[in-house]
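Below is entry-v3.pdb, which holds PDB, C-alpha atoms, pLDDT in the B column.
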ATOM      1  CA  MET A   1      26.115 -31.399   2.945  1.00 69.00           C
ATOM      2  CA  GLU A   2      27.365 -30.293   6.337  1.00 87.00           C
ATOM      3  CA  ASN A   3      25.155 -28.071   8.440  1.00 95.00           C
ATOM      4  CA  GLU A   4      24.939 -26.081  11.658  1.00 96.00           C
ATOM      5  CA  VAL A   5      21.544 -27.383  12.804  1.00 97.00           C
ATOM      6  CA  LYS A   6      22.738 -29.513  15.732  1.00 97.00           C
ATOM      7  CA  HIS A   7      25.142 -26.826  16.974  1.00 97.00           C
ATOM      8  CA  ARG A   8      22.509 -24.072  16.811  1.00 98.00           C
ATOM      9  CA  ARG A   9      19.806 -26.294  18.341  1.00 98.00           C
ATOM     10  CA  GLU A  10      22.011 -27.253  21.282  1.00 98.00           C
ATOM     11  CA  ALA A  11      23.120 -23.632  21.765  1.00 97.00           C
ATOM     12  CA  ALA A  12      19.436 -22.679  21.959  1.00 97.00           C
ATOM     13  CA  GLY A  13      18.841 -25.373  24.590  1.00 98.00           C
ATOM     14  CA  LEU A  14      16.327 -27.265  22.461  1.00 98.00           C
ATOM     15  CA  SER A  15      15.834 -31.012  22.109  1.00 98.00           C
ATOM     16  CA  GLN A  16      15.354 -32.517  18.657  1.00 98.00           C
ATOM     17  CA  ARG A  17      11.682 -33.033  19.532  1.00 98.00           C
ATOM     18  CA  GLU A  18      11.215 -29.375  20.537  1.00 98.00           C
ATOM     19  CA  LEU A  19      12.819 -28.118  17.329  1.00 98.00           C
ATOM     20  CA  ALA A  20      10.774 -30.565  15.263  1.00 98.00           C
ATOM     21  CA  GLU A  21       7.542 -29.346  16.871  1.00 98.00           C
ATOM     22  CA  ARG A  22       8.411 -25.718  16.161  1.00 98.00           C
ATOM     23  CA  LEU A  23       9.224 -26.541  12.526  1.00 98.00           C
ATOM     24  CA  GLY A  24       6.239 -28.842  11.997  1.00 98.00           C
ATOM     25  CA  VAL A  25       8.334 -31.924  11.158  1.00 98.00           C
ATOM     26  CA  SER A  26       9.151 -35.184  12.925  1.00 98.00           C
ATOM     27  CA  ARG A  27      11.999 -35.664  15.386  1.00 98.00           C
ATOM     28  CA  GLN A  28      13.385 -38.232  12.967  1.00 98.00           C
ATOM     29  CA  THR A  29      13.554 -35.574  10.245  1.00 98.00           C
ATOM     30  CA  VAL A  30      15.566 -33.265  12.519  1.00 98.00           C
ATOM     31  CA  ASN A  31      17.875 -36.148  13.439  1.00 98.00           C
ATOM     32  CA  SER A  32      18.378 -37.093   9.779  1.00 98.00           C
ATOM     33  CA  ILE A  33      19.199 -33.497   8.837  1.00 97.00           C
ATOM     34  CA  GLU A  34      21.661 -33.140  11.731  1.00 97.00           C
ATOM     35  CA  THR A  35      23.473 -36.356  10.843  1.00 95.00           C
ATOM     36  CA  GLY A  36      23.608 -35.553   7.126  1.00 92.00           C
ATOM     37  CA  LYS A  37      21.414 -38.490   6.096  1.00 95.00           C
ATOM     38  CA  TYR A  38      18.781 -36.156   4.665  1.00 94.00           C
ATOM     39  CA  ASP A  39      19.075 -32.790   2.934  1.00 93.00           C
ATOM     40  CA  PRO A  40      16.024 -30.645   3.676  1.00 96.00           C
ATOM     41  CA  SER A  41      13.805 -29.279   0.951  1.00 96.00           C
ATOM     42  CA  LEU A  42      14.364 -25.620   0.125  1.00 96.00           C
ATOM     43  CA  PRO A  43      11.237 -24.502   2.047  1.00 98.00           C
ATOM     44  CA  LEU A  44      12.374 -26.472   5.116  1.00 98.00           C
ATOM     45  CA  ALA A  45      15.943 -25.156   4.829  1.00 97.00           C
ATOM     46  CA  ILE A  46      14.547 -21.612   4.722  1.00 98.00           C
ATOM     47  CA  ALA A  47      12.301 -22.308   7.733  1.00 98.00           C
ATOM     48  CA  ILE A  48      15.273 -23.649   9.711  1.00 98.00           C
ATOM     49  CA  ALA A  49      17.419 -20.657   8.801  1.00 98.00           C
ATOM     50  CA  ARG A  50      14.662 -18.198   9.745  1.00 98.00           C
ATOM     51  CA  PHE A  51      14.068 -19.995  13.040  1.00 98.00           C
ATOM     52  CA  PHE A  52      17.720 -19.522  13.965  1.00 98.00           C
ATOM     53  CA  GLU A  53      17.819 -15.982  12.494  1.00 98.00           C
ATOM     54  CA  ALA A  54      20.508 -17.003  10.014  1.00 97.00           C
ATOM     55  CA  SER A  55      20.847 -17.295   6.263  1.00 96.00           C
ATOM     56  CA  VAL A  56      20.491 -20.617   4.477  1.00 95.00           C
ATOM     57  CA  GLU A  57      24.172 -20.300   3.531  1.00 94.00           C
ATOM     58  CA  GLU A  58      25.146 -19.938   7.203  1.00 95.00           C
ATOM     59  CA  MET A  59      23.121 -23.015   8.181  1.00 96.00           C
ATOM     60  CA  PHE A  60      23.998 -25.346   5.314  1.00 94.00           C
ATOM     61  CA  HIS A  61      27.435 -25.753   3.739  1.00 87.00           C
ATOM     62  CA  VAL A  62      27.275 -27.116   0.207  1.00 76.00           C
ATOM     63  CA  ASP A  63      30.295 -29.178  -0.764  1.00 69.00           C
ATOM     64  CA  GLU A  64      31.798 -27.745  -3.918  1.00 58.00           C
TER
END
Hey, can you dump this file as structure tokens for me?
Amino acid sequence: MENEVKHRREAAGLSQRELAERLGVSRQTVNSIETGKYDPSLPLAIAIARFFEASVEEMFHVDE
């Protein structure tokens, strides 16, 4: 699943560690989501989308 997390995080001027702290997860989790190695749980996907004031669909692109 491709996603917009890295793009939105960088546009907001945040490091992976800063975003992780705001979301209550580890920096490694943020890195794994950004690189596509880990798909977030639905609650985490919703939290990420809300943080960036976007919809889950805008943040995460499901391959058909």
Axis-aligned box for all listed atoms of range 5-22 of chain A, 8 Å per side, centre and edges in Å to one decimal, as JSON:
{"center_x": 16.3, "center_y": -27.9, "center_z": 18.7, "size_x": 33.6, "size_y": 26.4, "size_z": 27.8}
Problem set entry | Residues within 10 Å of (22.8, -31.4, 4.3), file coords, all atoms listed in the file, listed as a list of chain:residue names | A:Met1, A:Glu2, A:Asn3, A:Glu4, A:Val5, A:Ser32, A:Ile33, A:Glu34, A:Thr35, A:Gly36, A:Lys37, A:Tyr38, A:Asp39, A:Pro40, A:Ser41, A:Ala45, A:Met59, A:Phe60, A:His61, A:Val62, A:Asp63
For this session: Could you tell me which residues the PyMOL selection byres ((chain A and resi 28) around 12) grabs in this file, written as a ChimeraX atom specification?
Result: /A:15-21,24-27,29-35,37-38
For this session: Apply the PyMOL selection byres ((chain A and resi 51) around 12) to the file shown and report the selected residues as a PyMOL selection string.
Result: chain A and resi 5+8-9+12+19-20+22-24+44-50+52-56+59
